[in-house]
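Chemist: Before we start, here is the structure in question, set down as structure tokens.
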Amino acid sequence: MADILPPDSALWQRVEATARRVFANYGYDEIRTPIAEPTELFRRGVGESTSIVEKEMYSFEDQGGDSIALRPEGTASVVRAYIESGVAASDPVASYYYMGPMFRRERPQKGRQRQFHQIGVELFGVAGPLADAEVIAMFDHFLRELDAPSITLEINSLGCPACRPSFDRALLDYLHRHKGSLCADCNRRIERNPMRALDCKNEGCRHLIDKAPVISEFWCGDCIAHFDAVKRELGLLAIEYRQNPRIVRGLDYYMRTAFEFTTDRLGAQNAVAAGGRYDGLVRALGGPDVAGVGCALGIERLILLLKQHGEEVKSPPVFFAMLGESAREAMLPVIQALRAAGVRVEWDYSARSLKSQMRRADRKGARAVVIVGDDEVAKGEVSVKEMATGEQRAVKLADLTRHFVKVEA
Ligand code: ATP
Ligand code: MG
């Protein structure tokens, strides 16, 4: 679990602000759910056979004897809230976005933490392929807006309750024949959810999985039509994608469209965002039979990527170097006025020499330094040094706000 410190926190804010702005333009509103829920919600919502529920959840018994878990992902909570609020029953077409911390007890490594953060969306009540395409398009838009480098969209269809069972049988058959060479996790998984084996990161398993049956050979007519329509929509939006039959999702309820935004710049942890359709989930959690499509993005991985790209958010201050207490007192309302006008103002809290104040201004990356001594106060003007050019000139106190606000605009 990591701290997020400046200057990185500014980059986080930019990512979050961009998500809010872009998602709002698609008609999505924010939903905030608690970070802890009854463990049972995730058992049912994420799925018993998933690695999240099997071994990654931080769950504990509280003082009242209830089993509580820190949320490992966002979808189950959003679905619960969507049902509990009555929206699912009264006006099922609804779209939400969320952002915040998630918790999984995994082995920490590059791009993998135990507290990490996701930005996610859920679109309920639309069974047709336009929903899948819109969610993908929205994330594509968001990542473009941030200028995230080297991102590939990979898509697949996981079939539906009509065709998936025959694929599961064929896959199970294949996995049984190679049981001896599969890892312990896969051996445990195959009885409960054989598709999970396709997601195994183990080298030995990967090798076998490359030759396993491929889902596309089992799709029913409806699944083919749905997937074709999603691809057509993406084509109309000029969104490039790669079809990858090995994309599966970690959650049990995914069906039909599954997708990932991956990058080749982060090593093994290559999925920046991932999502898909989960039509059975709302009903499984006690709501009406409502379709759903969602996607979640890992903020840490996105930030790693943006930083590799040299991305940095700077907000250089105007720095006040003040000599003596009377200068400081005279500047107090001036500084307040500048801040009220939206200018970032910093000053040296200790009354040190001009030289050391200038050094601090430099360290702070100031865009300008306002130098004020008793003489200046008496004349009603200050000396402004532009740090980029080194040029210094007198500015009337009355003009100071206009001076900086104009420069900033
Ligand atoms: P992975 O296969 O990379 O573990 P996942 O399938 O477990 O991903 P999801 O549950 O789909 O991931 O979560 C969506 C996104 O959240 C991932 O694509 C990733 O960017 C991010 N993410 C998931 N787990 C972690 C983690 N432990 N630390 C940081 N980011 C994570
Ligand atoms: Mg994972």
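Residues in the structure tokens are named by chain (A, B, ... in the order shown) and by number from 1 within that chain; ligands are numbered from 1 in the order shown.
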Once you count only C-alpha atoms and all ligand atoms, which residues end up within 6 Å of ligand 1, and could you hand them over as a VMD selection string?
Modeler: chain A and resid 104 111 to 114 116 118 249 to 250 269 271 to 274 296 to 298 300 to 301
Chemist: Produce a file of the selected residues containing N, CA and C atoms, as a CSV table (one decimal), in the first residue's frame.
Modeler:
chain,number,residue,atom,x,y,z
A,104,ARG,N,-6.5,-5.8,-2.7
A,104,ARG,CA,-6.3,-7.2,-3.0
A,104,ARG,C,-5.0,-7.7,-2.4
A,111,GLY,N,3.4,-2.4,-10.9
A,111,GLY,CA,2.1,-2.4,-11.4
A,111,GLY,C,1.1,-3.2,-10.6
A,112,ARG,N,1.5,-3.7,-9.5
A,112,ARG,CA,0.6,-4.5,-8.7
A,112,ARG,C,0.8,-4.1,-7.2
A,113,GLN,N,-0.3,-3.6,-6.6
A,113,GLN,CA,-0.2,-3.2,-5.2
A,113,GLN,C,-1.3,-3.8,-4.4
A,114,ARG,N,-1.3,-3.7,-3.1
A,114,ARG,CA,-2.4,-4.3,-2.3
A,114,ARG,C,-3.5,-3.3,-2.1
A,116,PHE,N,-4.8,-0.4,-4.4
A,116,PHE,CA,-4.6,0.3,-5.7
A,116,PHE,C,-5.9,1.0,-6.0
A,118,GLN,N,-8.9,2.4,-8.8
A,118,GLN,CA,-9.6,2.2,-10.1
A,118,GLN,C,-10.5,3.3,-10.4
A,249,ARG,N,-12.0,-12.7,-18.6
A,249,ARG,CA,-12.1,-11.8,-17.5
A,249,ARG,C,-12.1,-12.5,-16.1
A,250,GLY,N,-11.5,-11.8,-15.1
A,250,GLY,CA,-11.4,-12.5,-13.8
A,250,GLY,C,-12.7,-12.7,-13.1
A,269,GLN,N,2.5,-6.8,-16.1
A,269,GLN,CA,1.2,-6.2,-15.7
A,269,GLN,C,0.8,-5.3,-16.9
A,271,ALA,N,-2.3,-5.0,-18.5
A,271,ALA,CA,-3.6,-4.5,-18.7
A,271,ALA,C,-3.8,-3.2,-17.9
A,272,VAL,N,-4.1,-2.1,-18.7
A,272,VAL,CA,-4.3,-0.8,-18.0
A,272,VAL,C,-5.8,-0.7,-17.6
A,273,ALA,N,-6.7,-1.2,-18.5
A,273,ALA,CA,-8.1,-1.2,-18.2
A,273,ALA,C,-8.7,-2.4,-18.8
A,274,ALA,N,-9.8,-2.9,-18.2
A,274,ALA,CA,-10.4,-4.1,-18.7
A,274,ALA,C,-11.9,-4.1,-18.3
A,296,ALA,N,-13.1,-1.2,-15.9
A,296,ALA,CA,-12.3,-0.5,-14.8
A,296,ALA,C,-10.9,-0.3,-15.2
A,297,LEU,N,-10.4,0.8,-14.8
A,297,LEU,CA,-9.0,1.1,-15.2
A,297,LEU,C,-8.1,1.3,-13.9
A,298,GLY,N,-6.9,0.7,-14.0
A,298,GLY,CA,-6.0,0.8,-12.8
A,298,GLY,C,-5.2,2.2,-12.9
A,300,GLU,N,-2.8,3.4,-11.0
A,300,GLU,CA,-1.4,3.3,-10.8
A,300,GLU,C,-0.7,3.0,-12.2
A,301,ARG,N,-1.3,2.0,-12.9
A,301,ARG,CA,-0.6,1.6,-14.2
A,301,ARG,C,-0.7,2.7,-15.2
Chemist: Which polymer residues have any atom within 9 Å of an atom of Tyr97 of chain A, counting only C-alpha atoms, with same-chain residues fewer than 4 positions away left out, as a PyMOL selection string?
Modeler: chain A and resi 19-20+23-24+28-32+119-123
Chemist: Those same residues - N, CA and C atoms - I'd like them written as a short mmCIF file (atom, residue, chain, number, x, y, z; two decimals), in the first residue's frame.
Modeler:
data_model
loop_
_atom_site.label_atom_id
_atom_site.label_comp_id
_atom_site.auth_asym_id
_atom_site.auth_seq_id
_atom_site.Cartn_x
_atom_site.Cartn_y
_atom_site.Cartn_z
N ALA A 19 -11.23 12.07 -16.30
CA ALA A 19 -12.27 11.03 -16.29
C ALA A 19 -13.63 11.66 -16.02
N ARG A 20 -13.70 12.51 -15.01
CA ARG A 20 -14.98 13.14 -14.67
C ARG A 20 -15.55 13.92 -15.85
N PHE A 23 -16.42 11.37 -18.92
CA PHE A 23 -17.56 10.48 -18.63
C PHE A 23 -18.86 11.29 -18.54
N ALA A 24 -18.77 12.49 -17.98
CA ALA A 24 -19.97 13.33 -17.88
C ALA A 24 -20.53 13.62 -19.28
N TYR A 28 -22.70 9.95 -17.92
CA TYR A 28 -22.45 9.15 -16.72
C TYR A 28 -22.34 10.05 -15.50
N ASP A 29 -22.93 9.62 -14.39
CA ASP A 29 -22.84 10.37 -13.14
C ASP A 29 -22.06 9.56 -12.12
N GLU A 30 -21.48 10.27 -11.17
CA GLU A 30 -20.64 9.58 -10.19
C GLU A 30 -21.47 8.84 -9.14
N ILE A 31 -20.98 7.67 -8.75
CA ILE A 31 -21.56 6.94 -7.63
C ILE A 31 -20.42 6.66 -6.65
N ARG A 32 -20.69 6.83 -5.35
CA ARG A 32 -19.67 6.55 -4.33
C ARG A 32 -20.24 5.51 -3.38
N ILE A 119 -10.62 3.58 -11.70
CA ILE A 119 -11.69 4.42 -12.23
C ILE A 119 -12.53 3.47 -13.06
N GLY A 120 -13.81 3.37 -12.75
CA GLY A 120 -14.63 2.40 -13.46
C GLY A 120 -15.98 2.97 -13.85
N VAL A 121 -16.63 2.29 -14.76
CA VAL A 121 -17.98 2.69 -15.18
C VAL A 121 -18.87 1.46 -15.29
N GLU A 122 -20.17 1.65 -15.11
CA GLU A 122 -21.14 0.58 -15.32
C GLU A 122 -22.31 1.19 -16.09
N LEU A 123 -22.73 0.49 -17.12
CA LEU A 123 -23.91 0.90 -17.89
C LEU A 123 -24.94 -0.23 -17.81
#
Chemist: Any idea what's packed within 6 Å of segment 393-407 of chain A, counting only C-alpha atoms, ignoring anything in its chain fewer than 2 positions away? Could you give it as a list of chain:residue names?
Modeler: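 What passes the distance filter is A:Leu338, A:Gly380, A:Glu381, A:Val382, A:Ser383, A:Val384, A:Ala409.
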Chemist: Counting only C-alpha atoms, what is within 10 Å of Asp289 of chain A, bar same-chain residues fewer than 2 positions away, as a list in words?
Modeler: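 That gives Ala88, Ala89, Pro92, Gly125, Asp279, Gly280, Leu281, Val282, Arg283, Ala284, Gly286, Gly287, Ala291 and Gly292 of chain A.
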Chemist: Taking into account only C-alpha atoms and all ligand atoms, which residue in the set A:Ala36, A:Leu130, A:Val78, A:Leu251 is nearest to ligand 2?
Modeler: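 The shortest atom-to-atom distance to ligand 2 comes from A:Leu251.
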Chemist: Just the alpha helix (DSSP H) stuff from segment 100-316 of chain A, please, per backbone DSSP, written as a ChimeraX atom specification.
Modeler: /A:129-145,164-177,184-192,203-209,221-236,281-284,299-308
Chemist: From the set A:Leu237, A:Ala340, A:Ala2, A:Val313, which residue has the shortest atom-to-atom contact distance to Met138 of chain A, counting only C-alpha atoms?
Modeler: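 The answer is A:Leu237, which sits nearest to Met138 of chain A.
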Chemist: Would you mind listing what lies within 12 Å of Pro245 of chain A as a PyMOL selection string, with only C-alpha atoms counted and same-chain residues fewer than 6 positions away left out?
Modeler: chain A and resi 154-159+195+198-199+209-219+256-260
Chemist: Print the selection's residues with N, CA and C atoms to a file, as a JSON list (two decimals), in the first residue's frame.
Modeler:
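Everything below was put into again.json:
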[["chain", "number", "residue", "atom", "x", "y", "z"],
["A", 154, "GLU", "N", -7.80, -4.76, -27.10],
["A", 154, "GLU", "CA", -7.99, -6.15, -27.49],
["A", 154, "GLU", "C", -9.39, -6.58, -27.10],
["A", 155, "ILE", "N", -10.08, -7.24, -28.02],
["A", 155, "ILE", "CA", -11.46, -7.63, -27.74],
["A", 155, "ILE", "C", -11.69, -9.11, -28.01],
["A", 156, "ASN", "N", -12.70, -9.63, -27.36],
["A", 156, "ASN", "CA", -13.06, -11.03, -27.53],
["A", 156, "ASN", "C", -14.54, -11.17, -27.16],
["A", 157, "SER", "N", -15.11, -12.32, -27.50],
["A", 157, "SER", "CA", -16.44, -12.64, -26.98],
["A", 157, "SER", "C", -16.34, -13.94, -26.20],
["A", 158, "LEU", "N", -16.95, -13.95, -25.03],
["A", 158, "LEU", "CA", -16.88, -15.13, -24.17],
["A", 158, "LEU", "C", -18.09, -16.04, -24.34],
["A", 159, "GLY", "N", -18.92, -15.76, -25.37],
["A", 159, "GLY", "CA", -20.11, -16.59, -25.56],
["A", 159, "GLY", "C", -21.19, -16.26, -24.55],
["A", 195, "MET", "N", -12.57, -21.88, -17.69],
["A", 195, "MET", "CA", -12.09, -20.73, -18.45],
["A", 195, "MET", "C", -11.03, -19.93, -17.69],
["A", 198, "LEU", "N", -7.41, -20.11, -18.65],
["A", 198, "LEU", "CA", -6.88, -19.35, -19.79],
["A", 198, "LEU", "C", -6.16, -18.08, -19.33],
["A", 199, "ASP", "N", -6.47, -17.66, -18.13],
["A", 199, "ASP", "CA", -5.92, -16.42, -17.59],
["A", 199, "ASP", "C", -4.68, -16.68, -16.75],
["A", 209, "ILE", "N", -1.92, -23.72, -22.76],
["A", 209, "ILE", "CA", -3.12, -22.95, -23.06],
["A", 209, "ILE", "C", -3.11, -22.43, -24.49],
["A", 210, "ASP", "N", -1.90, -22.19, -25.00],
["A", 210, "ASP", "CA", -1.79, -21.74, -26.39],
["A", 210, "ASP", "C", -2.42, -22.74, -27.36],
["A", 211, "LYS", "N", -2.45, -24.00, -26.96],
["A", 211, "LYS", "CA", -3.00, -25.01, -27.89],
["A", 211, "LYS", "C", -4.40, -25.49, -27.48],
["A", 212, "ALA", "N", -4.98, -24.84, -26.50],
["A", 212, "ALA", "CA", -6.31, -25.24, -26.01],
["A", 212, "ALA", "C", -7.38, -24.84, -27.04],
["A", 213, "PRO", "N", -8.57, -25.43, -26.95],
["A", 213, "PRO", "CA", -9.67, -25.04, -27.84],
["A", 213, "PRO", "C", -9.92, -23.53, -27.76],
["A", 214, "VAL", "N", -10.38, -22.97, -28.87],
["A", 214, "VAL", "CA", -10.58, -21.53, -28.97],
["A", 214, "VAL", "C", -12.08, -21.22, -28.98],
["A", 215, "ILE", "N", -12.47, -20.26, -28.15],
["A", 215, "ILE", "CA", -13.90, -19.95, -27.96],
["A", 215, "ILE", "C", -14.62, -19.60, -29.26],
["A", 216, "SER", "N", -13.92, -18.95, -30.18],
["A", 216, "SER", "CA", -14.60, -18.47, -31.40],
["A", 216, "SER", "C", -15.22, -19.62, -32.20],
["A", 217, "GLU", "N", -14.69, -20.83, -32.02],
["A", 217, "GLU", "CA", -15.26, -21.96, -32.76],
["A", 217, "GLU", "C", -16.57, -22.44, -32.16],
["A", 218, "PHE", "N", -16.93, -21.89, -31.00],
["A", 218, "PHE", "CA", -18.14, -22.38, -30.32],
["A", 218, "PHE", "C", -19.26, -21.35, -30.25],
["A", 219, "TRP", "N", -18.99, -20.11, -30.69],
["A", 219, "TRP", "CA", -20.00, -19.06, -30.61],
["A", 219, "TRP", "C", -21.30, -19.46, -31.31],
["A", 256, "ARG", "N", -20.27, -12.71, -23.39],
["A", 256, "ARG", "CA", -20.11, -11.98, -24.66],
["A", 256, "ARG", "C", -18.88, -11.07, -24.62],
["A", 257, "THR", "N", -19.07, -9.78, -24.88],
["A", 257, "THR", "CA", -17.91, -8.92, -25.08],
["A", 257, "THR", "C", -17.00, -8.83, -23.85],
["A", 258, "ALA", "N", -15.72, -9.11, -24.06],
["A", 258, "ALA", "CA", -14.69, -8.87, -23.04],
["A", 258, "ALA", "C", -13.58, -8.10, -23.73],
["A", 259, "PHE", "N", -13.00, -7.13, -23.03],
["A", 259, "PHE", "CA", -11.96, -6.34, -23.69],
["A", 259, "PHE", "C", -10.92, -5.86, -22.69],
["A", 260, "GLU", "N", -9.76, -5.55, -23.22],
["A", 260, "GLU", "CA", -8.68, -4.99, -22.39],
["A", 260, "GLU", "C", -7.97, -3.91, -23.18]]
Chemist: Nearest to ligand 2 among A:Phe42, A:Phe103, A:Phe167, A:Tyr98, with distances taken over only C-alpha atoms and all ligand atoms: which residue is it?
Modeler: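 Residue with the minimum atom-to-atom distance to ligand 2: A:Phe103.
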Chemist: Report, in Å to a single decimal, how far apart atom CA of Ala133 of chain A and atom CA of His117 of chain A are.
Modeler: 24.2 Å
Chemist: Of the candidates A:Leu70, A:Leu5, A:Met57, A:Leu332, which one gets nearest to ligand 2 if we count only C-alpha atoms and all ligand atoms?
Modeler: A:Met57
Chemist: Which residue, A:Glu312, A:Ser350, A:Phe124, A:Asp173, has the smallest gap to Ile83 of chain A when you use only C-alpha atoms?
Modeler: A:Phe124
Chemist: Could you pull out all residues of segment 168-341 of chain A with a DSSP call of strand (DSSP E or B) and give them as a PyMOL selection string?
Modeler: chain A and resi 242-243+255-263+271-277+292-298+318-322
Chemist: Rounded to one decimal place, report the atom CA of Asp62 of chain A-atom CA of Pro38 of chain A distance in Å.
Modeler: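 Value for the atom CA of Asp62 of chain A-atom CA of Pro38 of chain A distance: 10.4 Å.
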Chemist: Which is closest to Val343 of chain A among A:Pro72, A:Pro129, A:Pro317, A:Pro194, if we use only C-alpha atoms?
Modeler: A:Pro317
Chemist: For the atom pair atom CA of Asn193 of chain A and atom CA of Leu41 of chain A, what is the interatomic distance in Å to one decimal place?
Modeler: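 Separating atom CA of Asn193 of chain A from atom CA of Leu41 of chain A is a distance of 19.1 Å.
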